[in-house]
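**Student:** I am sharing structure_22.txt, which consists of compact mmCIF, C-alpha atoms:
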# COMPACT_ATOMS: atom_id res chain seq x y z
CA MET A 1 20.66 9.25 -7.54
CA GLU A 2 17.52 7.43 -8.71
CA ASP A 3 15.95 8.13 -5.31
CA GLY A 4 16.39 11.85 -5.93
CA PHE A 5 14.78 11.78 -9.37
CA GLY A 6 11.95 9.54 -8.18
CA GLY A 7 11.41 11.73 -5.12
CA ALA A 8 11.36 14.90 -7.23
CA ALA A 9 8.70 13.44 -9.52
CA ALA A 10 6.71 12.26 -6.49
CA GLY A 11 6.92 15.69 -4.86
CA ALA A 12 5.71 17.42 -8.01
CA ALA A 13 2.77 15.01 -8.23
CA ASN A 14 1.85 15.74 -4.61
CA VAL A 15 1.85 19.49 -5.18
CA MET A 16 -0.14 19.39 -8.42
CA ALA A 17 -2.81 17.16 -6.89
CA GLY A 18 -3.09 19.04 -3.61
CA HIS A 19 -2.39 22.73 -4.28
CA PRO A 20 -6.01 23.93 -4.70
CA PHE A 21 -6.91 22.37 -1.35
CA ASP A 22 -3.81 23.89 0.20
CA THR A 23 -4.81 27.35 -1.00
CA VAL A 24 -8.19 27.02 0.70
CA LYS A 25 -6.47 25.75 3.87
CA VAL A 26 -4.07 28.71 4.05
CA ARG A 27 -6.87 31.22 3.41
CA MET A 28 -8.90 29.74 6.24
CA GLN A 29 -5.90 29.55 8.56
CA THR A 30 -4.91 33.19 8.02
CA ALA A 31 -8.34 34.86 7.64
CA GLU A 32 -10.08 36.61 10.50
CA ARG A 33 -12.43 34.42 12.49
CA GLY A 34 -15.83 34.25 10.80
CA ALA A 35 -14.60 35.38 7.36
CA PHE A 36 -15.71 32.06 5.86
CA ARG A 37 -18.49 29.75 7.00
CA ASN A 38 -16.58 26.62 5.95
CA ALA A 39 -14.06 25.32 3.43
CA TRP A 40 -16.62 25.12 0.63
CA HIS A 41 -17.62 28.76 1.19
CA CYS A 42 -13.94 29.74 1.07
CA ALA A 43 -13.37 27.79 -2.16
CA GLN A 44 -16.45 29.36 -3.77
CA HIS A 45 -15.23 32.82 -2.80
CA ILE A 46 -11.81 32.17 -4.38
CA LEU A 47 -13.33 30.77 -7.58
CA ARG A 48 -15.83 33.58 -7.91
CA HIS A 49 -13.38 36.43 -7.37
CA GLU A 50 -10.06 34.99 -8.59
CA GLY A 51 -10.71 31.94 -10.73
CA VAL A 52 -8.70 28.73 -10.97
CA THR A 53 -5.21 29.65 -12.15
CA ARG A 54 -5.04 32.97 -10.29
CA GLY A 55 -7.04 31.71 -7.35
CA LEU A 56 -6.91 28.03 -6.43
CA TYR A 57 -3.51 27.59 -8.10
CA ARG A 58 -2.19 30.92 -6.86
CA GLY A 59 1.38 30.60 -5.62
CA LEU A 60 1.96 27.25 -7.36
CA LEU A 61 5.54 27.84 -8.54
CA PRO A 62 7.30 28.01 -5.13
CA PRO A 63 5.78 24.76 -3.75
CA LEU A 64 6.17 23.01 -7.11
CA VAL A 65 9.90 23.76 -7.21
CA GLY A 66 10.34 23.46 -3.46
CA GLY A 67 8.21 20.31 -3.22
CA ALA A 68 10.14 18.54 -5.96
CA LEU A 69 13.48 19.58 -4.44
CA GLU A 70 12.46 18.81 -0.87
CA THR A 71 10.91 15.42 -1.66
CA GLY A 72 13.88 14.37 -3.77
CA ILE A 73 16.25 15.26 -0.92
CA ASN A 74 13.93 13.61 1.58
CA TYR A 75 13.94 10.21 -0.16
CA CYS A 76 17.70 10.41 -0.76
CA ILE A 77 18.48 11.09 2.91
CA ILE A 78 16.16 8.38 4.16
CA ASP A 79 17.52 5.80 1.72
CA SER A 80 21.10 6.70 2.64
CA LEU A 81 20.42 6.45 6.39
CA LEU A 82 18.61 3.13 5.99
CA HIS A 83 21.59 1.68 4.16
CA ARG A 84 23.87 2.92 6.95
CA PHE A 85 21.65 1.24 9.52
CA GLU A 86 21.71 -1.97 7.51
CA GLY A 87 25.50 -1.80 7.25
CA SER A 88 25.75 -1.29 11.00
CA GLU A 89 23.48 -4.29 11.62
CA ALA A 90 25.59 -6.40 9.26
CA THR A 91 28.73 -5.53 11.23
CA ARG A 92 27.14 -6.48 14.55
CA ASN A 93 25.23 -9.55 13.36
CA PRO A 94 26.49 -10.78 9.96
CA LYS A 95 24.75 -14.15 10.17
CA ALA A 96 21.33 -12.55 10.61
CA ILE A 97 21.91 -10.17 7.72
CA ALA A 98 23.12 -13.00 5.50
CA HIS A 99 19.97 -14.87 6.36
CA ASP A 100 17.93 -11.76 5.45
CA GLY A 101 19.82 -11.59 2.18
CA GLU A 102 18.52 -15.04 1.31
CA GLY A 103 14.99 -13.75 1.94
CA ALA A 104 13.34 -12.26 4.97
CA GLN A 105 10.29 -14.35 4.16
CA LYS A 106 12.13 -17.53 5.18
CA GLN A 107 13.05 -15.99 8.53
CA HIS A 108 9.54 -14.74 9.22
CA GLY A 109 7.13 -17.24 7.74
CA GLU A 110 4.09 -15.10 8.47
CA GLU A 111 5.39 -12.46 6.05
CA GLU A 112 4.90 -14.82 3.13
CA HIS A 113 1.26 -13.71 2.98
CA HIS A 114 1.91 -9.99 3.14
CA ALA A 115 2.78 -7.40 0.55
CA PRO A 116 6.39 -6.42 0.05
CA SER A 117 7.49 -3.19 1.68
CA SER A 118 7.97 -0.01 -0.29
CA SER A 119 10.87 0.60 -2.63
CA LEU A 120 12.82 2.50 0.05
CA SER A 121 14.30 -0.56 1.72
CA GLN A 122 13.34 -4.20 1.83
CA THR A 123 15.12 -5.14 5.05
CA SER A 124 15.02 -2.14 7.41
CA THR A 125 12.88 -2.18 10.54
CA LEU A 126 10.12 0.32 11.22
CA LYS A 127 12.24 1.72 14.06
CA HIS A 128 15.09 2.49 11.69
CA LEU A 129 12.68 4.00 9.19
CA ALA A 130 11.15 6.24 11.88
CA ILE A 131 14.59 7.49 12.93
CA ALA A 132 15.78 8.02 9.36
CA SER A 133 12.64 9.92 8.35
CA ALA A 134 12.73 12.09 11.49
CA VAL A 135 16.36 13.05 10.79
CA SER A 136 15.46 13.72 7.17
CA GLY A 137 12.53 15.86 8.31
CA MET A 138 14.93 18.01 10.26
CA CYS A 139 17.24 18.42 7.25
CA ILE A 140 14.57 19.22 4.67
CA SER A 141 12.94 21.85 6.91
CA PHE A 142 15.71 24.30 6.06
CA VAL A 143 15.07 23.76 2.34
CA LEU A 144 11.29 23.71 2.57
CA SER A 145 10.62 26.66 4.89
CA PRO A 146 11.56 29.56 2.53
CA PHE A 147 9.45 28.08 -0.26
CA GLU A 148 6.50 27.67 2.11
CA LEU A 149 6.86 31.25 3.32
CA ILE A 150 6.54 32.60 -0.23
CA LYS A 151 3.71 30.15 -0.99
CA CYS A 152 1.71 31.10 2.11
CA ARG A 153 2.10 34.84 1.48
CA LEU A 154 1.03 34.45 -2.13
CA GLN A 155 -1.97 32.34 -1.14
CA ALA A 156 -2.95 34.93 1.47
CA GLY A 157 -2.90 37.60 -1.26
CA TYR A 158 0.07 39.67 -0.09
CA ALA A 159 1.65 39.85 -3.55
CA ARG A 160 0.69 39.31 -7.19
CA ASN A 161 3.41 36.84 -8.12
CA THR A 162 6.45 34.99 -6.83
CA ALA A 163 9.00 37.61 -7.88
CA GLU A 164 7.07 40.43 -6.22
CA CYS A 165 6.57 38.44 -3.02
CA LEU A 166 10.26 37.60 -2.86
CA ARG A 167 11.24 41.24 -3.48
CA LEU A 168 8.85 42.60 -0.84
CA THR A 169 10.00 40.04 1.71
CA VAL A 170 13.70 40.82 1.23
CA GLN A 171 13.06 44.59 1.18
CA GLY A 172 10.99 44.52 4.33
CA GLU A 173 12.80 41.89 6.37
CA GLY A 174 16.16 41.24 4.72
CA TYR A 175 17.30 37.81 3.60
CA ARG A 176 16.73 36.56 7.14
CA GLY A 177 13.03 37.10 6.50
CA LEU A 178 13.08 34.08 4.18
CA ALA A 179 13.90 31.91 7.20
CA ARG A 180 10.85 33.12 9.08
CA GLY A 181 8.85 30.11 10.27
CA VAL A 182 11.71 27.62 10.11
CA THR A 183 11.11 26.68 13.77
CA GLY A 184 7.51 25.81 12.97
CA THR A 185 8.58 23.83 9.92
CA LEU A 186 11.01 21.83 12.07
CA ALA A 187 8.32 21.23 14.69
CA ARG A 188 6.01 19.90 11.99
CA GLU A 189 8.41 17.98 9.75
CA ILE A 190 10.40 15.99 12.32
CA PRO A 191 7.43 14.11 13.81
CA GLY A 192 5.34 14.40 10.65
CA ASN A 193 7.94 12.81 8.40
CA ALA A 194 8.45 9.95 10.86
CA ILE A 195 4.71 9.28 11.04
CA PHE A 196 4.24 9.54 7.28
CA PHE A 197 6.95 7.11 6.19
CA THR A 198 6.48 4.64 9.04
CA ALA A 199 2.72 4.51 8.54
CA TYR A 200 3.11 3.91 4.80
CA GLU A 201 5.63 1.12 5.33
CA ALA A 202 3.55 -0.54 8.07
CA LEU A 203 0.42 -0.44 5.93
CA ARG A 204 2.23 -1.88 2.91
CA LYS A 205 3.52 -4.78 5.00
CA ALA A 206 0.05 -5.42 6.44
CA LEU A 207 -1.69 -5.82 3.07
CA PRO A 208 -2.02 -9.27 1.44
CA ARG A 209 0.66 -10.21 -1.10
CA THR A 210 -0.16 -10.47 -4.76
CA GLU A 211 1.75 -10.40 -8.03
CA SER A 212 -0.88 -8.23 -9.69
CA SER A 213 0.36 -4.84 -10.86
CA VAL A 214 -3.18 -3.51 -10.45
CA HIS A 215 -3.11 -4.54 -6.79
CA GLU A 216 0.25 -2.77 -6.35
CA PHE A 217 -1.25 0.32 -7.98
CA PHE A 218 -4.16 0.44 -5.55
CA SER A 219 -1.93 -0.53 -2.62
CA SER A 220 0.26 2.52 -3.20
CA ILE A 221 -2.82 4.75 -3.44
CA LEU A 222 -4.49 3.35 -0.33
CA CYS A 223 -1.39 3.27 1.87
CA GLY A 224 -0.03 6.60 0.64
CA GLY A 225 -3.33 8.41 1.08
CA THR A 226 -3.91 6.92 4.54
CA ALA A 227 -0.38 7.77 5.69
CA GLY A 228 -0.93 11.36 4.58
CA VAL A 229 -4.19 11.61 6.51
CA LEU A 230 -2.56 10.19 9.66
CA MET A 231 0.37 12.59 9.41
CA TRP A 232 -1.72 15.73 8.90
CA SER A 233 -4.19 14.76 11.62
CA THR A 234 -1.26 14.74 14.04
CA VAL A 235 0.66 17.89 13.07
CA PHE A 236 -2.12 20.20 11.86
CA PRO A 237 -2.18 22.62 14.84
CA ILE A 238 1.59 23.11 14.42
CA ASP A 239 1.06 23.86 10.75
CA LEU A 240 -1.63 26.43 11.54
CA ALA A 241 0.66 28.33 13.90
CA LYS A 242 3.50 28.11 11.36
CA SER A 243 1.29 29.55 8.61
CA ARG A 244 0.37 32.49 10.83
CA VAL A 245 4.00 33.15 11.68
CA GLN A 246 4.90 33.17 7.98
CA THR A 247 2.00 35.34 6.82
CA ALA A 248 2.56 38.03 9.48
CA ILE A 249 4.36 40.96 7.86
CA PRO A 250 6.34 43.89 9.31
CA GLY A 251 4.19 46.66 10.71
CA THR A 252 1.38 44.38 11.89
CA SER A 253 0.71 43.65 15.54
CA LEU A 254 1.24 39.92 15.01
CA TYR A 255 4.66 40.17 13.39
CA GLY A 256 6.53 39.67 16.66
CA PHE A 257 4.52 36.60 17.65
CA GLY A 258 6.26 33.23 17.68
CA LEU A 259 4.85 29.77 17.17
CA LEU A 260 3.55 29.30 20.73
CA GLN A 261 2.16 32.84 20.90
CA HIS A 262 0.11 32.28 17.75
CA ALA A 263 -1.17 28.97 19.12
CA LYS A 264 -2.14 30.60 22.44
CA ARG A 265 -3.85 33.47 20.63
CA ALA A 266 -5.86 31.03 18.51
CA LEU A 267 -6.92 29.12 21.63
CA LYS A 268 -7.89 32.31 23.43
CA ASN A 269 -9.94 33.70 20.54
CA GLY A 270 -11.68 30.56 19.34
CA GLY A 271 -10.93 27.62 21.59
CA THR A 272 -9.48 24.31 20.49
CA GLY A 273 -11.48 24.37 17.26
CA SER A 274 -9.56 27.43 16.06
CA LEU A 275 -6.37 25.36 15.97
CA TYR A 276 -8.07 23.25 13.31
CA ALA A 277 -9.23 26.02 10.96
CA GLY A 278 -9.02 24.56 7.47
CA PHE A 279 -8.61 21.02 8.82
CA SER A 280 -11.38 19.49 6.69
CA THR A 281 -9.78 20.86 3.53
CA THR A 282 -6.39 19.53 4.57
CA ILE A 283 -7.74 16.03 5.19
CA VAL A 284 -9.61 16.03 1.88
CA ARG A 285 -6.37 17.17 0.22
CA ALA A 286 -4.13 14.76 2.15
CA PHE A 287 -5.46 11.57 0.62
CA PRO A 288 -5.20 12.31 -3.12
CA ALA A 289 -2.00 14.37 -2.82
CA ASN A 290 -0.07 11.78 -0.83
CA ALA A 291 -1.57 8.90 -2.77
CA ALA A 292 -0.24 10.56 -5.94
CA GLN A 293 3.17 11.02 -4.32
CA TRP A 294 3.60 7.37 -3.34
CA LEU A 295 2.13 6.05 -6.57
CA VAL A 296 4.56 8.09 -8.68
CA TRP A 297 7.44 7.12 -6.39
CA GLU A 298 6.76 3.41 -6.61
CA MET A 299 6.24 3.57 -10.38
CA ALA A 300 9.46 5.57 -10.86
CA MET A 301 11.48 3.18 -8.73
CA ARG A 302 10.07 0.16 -10.53
CA GLN A 303 11.11 1.65 -13.88
CA VAL A 304 14.61 2.52 -12.66
CA ARG A 305 15.37 -0.71 -10.80
CA ASP A 306 13.76 -3.28 -13.11
Any chance you could give the structure as structure tokens?
**Tutor:**
Amino acid sequence: MEDGFGGAAAGAANVMAGHPFDTVKVRMQTAERGAFRNAWHCAQHILRHEGVTRGLYRGLLPPLVGGALETGINYCIIDSLLHRFEGSEATRNPKAIAHDGEGAQKQHGEEEHHAPSSSLSQTSTLKHLAIASAVSGMCISFVLSPFELIKCRLQAGYARNTAECLRLTVQGEGYRGLARGVTGTLAREIPGNAIFFTAYEALRKALPRTESSVHEFFSSILCGGTAGVLMWSTVFPIDLAKSRVQTAIPGTSLYGFGLLQHAKRALKNGGTGSLYAGFSTTIVRAFPANAAQWLVWEMAMRQVRD
């Protein structure tokens, strides 16, 4: 249960830190080619015409609720799967697990000079973490996708508020319209989640060990931010196509396009670079947002488990 509460707090921190950047990203991804010179021009346009709360933080409620819910579920699923893996390993090789219980540092002397892993699991392998986070990515996609659909449509300016966007979506497309883009979310979250959690864990293990809480603070920020950058650098073109699927509305020529069709259209109209529209904003956002997520997670888990 503590994983769920810690994950929810971490997800909320991620959204609050990164939402303005995400708004700029979605505007650039869904605007016509040439509408904005760059991310800074897009941000200036939003600030000048819409302001902060109704502009950069437009559509905050759906991702704030969805992000907290999704991240809480995400950490719970991963933690549960890791414990299942550990139980399976204990059944097959009880002596090795008993030895690990005495301290993995004694089994692997070189680890004595490295930082402890994250609070998710102290004994799981990176392979198990990659599998668990990929499976969790698949599960959370079905929770996350409807919230992202509403968020993207609000950020693109298709409705004034969450309630209106939800009403227009259901009226125009039925309740099935809320599932629009779930394929793209799956395509992004399964590999993205695996990269994100595995990269964070690997980086934490690679850093020098210290008992300093200040070091742990900066370790969470550095590893969390870097893991976020690595993840988004990998899955960004998928996210662009997903955003275009979700912002296409009934009656437009692009409404019938799927994920691959949107990707092909982007390539045809603007080359490879068009698949990375809004990429700079996303990378700038990725570090502070994901650093905030992991920092809050580690702090929450330390408070709960100490």
**Student:** Quick one: residues within 12 Å of A:Leu267, all atoms listed in the file counted, chain neighbours fewer than 6 positions away excluded, as a PDB file with C-alpha atoms, in the coordinates of the input?
**Tutor:**
ATOM      1  CA  ARG A  33     -12.430  34.420  12.490  1.00  0.00           C
ATOM      2  CA  PRO A 237      -2.180  22.620  14.840  1.00  0.00           C
ATOM      3  CA  LEU A 240      -1.630  26.430  11.540  1.00  0.00           C
ATOM      4  CA  ALA A 241       0.660  28.330  13.900  1.00  0.00           C
ATOM      5  CA  LEU A 260       3.550  29.300  20.730  1.00  0.00           C
ATOM      6  CA  GLN A 261       2.160  32.840  20.900  1.00  0.00           C
ATOM      7  CA  GLY A 273     -11.480  24.370  17.260  1.00  0.00           C
ATOM      8  CA  SER A 274      -9.560  27.430  16.060  1.00  0.00           C
ATOM      9  CA  LEU A 275      -6.370  25.360  15.970  1.00  0.00           C
ATOM     10  CA  TYR A 276      -8.070  23.250  13.310  1.00  0.00           C
ATOM     11  CA  ALA A 277      -9.230  26.020  10.960  1.00  0.00           C
TER      12      ALA A 277
END
**Student:** May I ask which of the residues A:Tyr75, A:Phe236, A:Trp297, A:Tyr255 is the closest one to A:Lys25, counting only C-alpha atoms?
**Tutor:**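 The closest residue to A:Lys25 is A:Phe236.
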**Student:** Could you give me, as a JSON list (two decimals) with C-alpha atoms, in the frame of the given file, the residues within 9 Å of stretch 162-168 of chain A, counting only C-alpha atoms and dropping anything in the same chain fewer than 4 positions from it?
**Tutor:**
[["chain", "number", "residue", "atom", "x", "y", "z"],
["A", 59, "GLY", "CA", 1.38, 30.60, -5.62],
["A", 60, "LEU", "CA", 1.96, 27.25, -7.36],
["A", 61, "LEU", "CA", 5.54, 27.84, -8.54],
["A", 62, "PRO", "CA", 7.30, 28.01, -5.13],
["A", 150, "ILE", "CA", 6.54, 32.60, -0.23],
["A", 151, "LYS", "CA", 3.71, 30.15, -0.99],
["A", 153, "ARG", "CA", 2.10, 34.84, 1.48],
["A", 154, "LEU", "CA", 1.03, 34.45, -2.13],
["A", 158, "TYR", "CA", 0.07, 39.67, -0.09],
["A", 172, "GLY", "CA", 10.99, 44.52, 4.33],
["A", 173, "GLU", "CA", 12.80, 41.89, 6.37],
["A", 178, "LEU", "CA", 13.08, 34.08, 4.18]]
**Student:** Taking only C-alpha atoms into account, which of A:Thr53, A:Asn38, A:Thr71, A:Asn161 comes nearest A:His19?
**Tutor:**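 Nearest candidate to A:His19 out of A:Thr53, A:Asn38, A:Thr71, A:Asn161: A:Thr53.
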**Student:** Using all atoms listed in the file, can you tell me which of A:Leu126, A:Pro20, A:Phe257, A:Gly177 comes closest to A:Leu203?
**Tutor:**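 Among A:Leu126, A:Pro20, A:Phe257, A:Gly177, it is A:Leu126 that comes nearest to A:Leu203.
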**Student:** Just to confirm, what's the straight-line distance from atom CA of A:Phe85 to atom CA of A:Phe217 in Å (one decimal)?
**Tutor:**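 Spanning atom CA of A:Phe85 to atom CA of A:Phe217 is a straight-line distance of 28.8 Å.
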**Student:** Considering all atoms listed in the file, can you say which of A:Phe142, A:Val245, A:Thr198, A:Glu50 comes closest to A:Gly66?
**Tutor:**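 Under the stated criterion, the closest residue is A:Phe142.
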**Student:** Could you please determine the separation between atom CA of A:Ile140 and atom CA of A:Val52 in Å, to one decimal place?
**Tutor:**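 Between these atoms lies a distance of 29.6 Å.
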**Student:** Of the candidates A:Glu201, A:Asp239, A:Asp22, A:Glu216, which shows the shortest atom-to-atom distance to A:His128, using all atoms listed in the file?
**Tutor:**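 Comparing A:Glu201, A:Asp239, A:Asp22, A:Glu216 against A:His128, the winner is A:Glu201.
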**Student:** Would you mind telling me which residue in A:Ser220, A:Glu70, A:Val284, A:Thr30 lies nearest to A:Leu254 when using all atoms listed in the file?
**Tutor:**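 Checking each candidate against A:Leu254, we get A:Thr30 as the closest.
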**Student:** Quick one: distance from atom CA of A:Arg244 to atom CA of A:Lys264 in Å, one decimal?
**Tutor:** 12.0 Å
**Student:** Can you pull out every residue within 9 Å of A:Ile238, counting all atoms listed in the file, but drop anything in the same chain fewer than 5 positions away, and send it as a list in words?
**Tutor:**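 So, after excluding close chain neighbours, the residues are Gly184, Thr185, Ala187, Arg188, Ser243, Leu259, Ala263 and Leu275 of chain A.
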**Student:** I'd like the contact shell of A:Cys42 - 10 Å cut-off, all atoms listed in the file, skipping same-chain residues fewer than 4 positions apart - returned as a PDB file with C-alpha atoms, in the frame of the given file.
**Tutor:**
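Writing done, so here's out_13.pdb:
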ATOM      1  CA  THR A  23      -4.810  27.350  -1.000  1.00  0.00           C
ATOM      2  CA  VAL A  24      -8.190  27.020   0.700  1.00  0.00           C
ATOM      3  CA  LYS A  25      -6.470  25.750   3.870  1.00  0.00           C
ATOM      4  CA  ARG A  27      -6.870  31.220   3.410  1.00  0.00           C
ATOM      5  CA  MET A  28      -8.900  29.740   6.240  1.00  0.00           C
ATOM      6  CA  ALA A  35     -14.600  35.380   7.360  1.00  0.00           C
ATOM      7  CA  PHE A  36     -15.710  32.060   5.860  1.00  0.00           C
ATOM      8  CA  ARG A  37     -18.490  29.750   7.000  1.00  0.00           C
ATOM      9  CA  ASN A  38     -16.580  26.620   5.950  1.00  0.00           C
ATOM     10  CA  ILE A  46     -11.810  32.170  -4.380  1.00  0.00           C
ATOM     11  CA  LEU A  47     -13.330  30.770  -7.580  1.00  0.00           C
ATOM     12  CA  ARG A  48     -15.830  33.580  -7.910  1.00  0.00           C
ATOM     13  CA  GLY A 278      -9.020  24.560   7.470  1.00  0.00           C
TER      14      GLY A 278
END
**Student:** Report as a list in words all protein, DNA and RNA residues lying within 7 Å of stretch 137-139 of chain A, evaluated on only C-alpha atoms, omitting residues in the same chain fewer than 5 positions from it.
**Tutor:**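 After dropping sequence-adjacent residues, the list is Leu186, Glu189, Ile190 and Asn193 of chain A.
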**Student:** Box for stretch 272-290 of chain A: with edges along x, y and z, all listed atoms inside and 8 Å added on each side, what are the centre and edge lengths in Å to one decimal, as JSON?
**Tutor:**
{"center_x": -5.8, "center_y": 19.5, "center_z": 8.7, "size_x": 27.4, "size_y": 31.9, "size_z": 39.6}
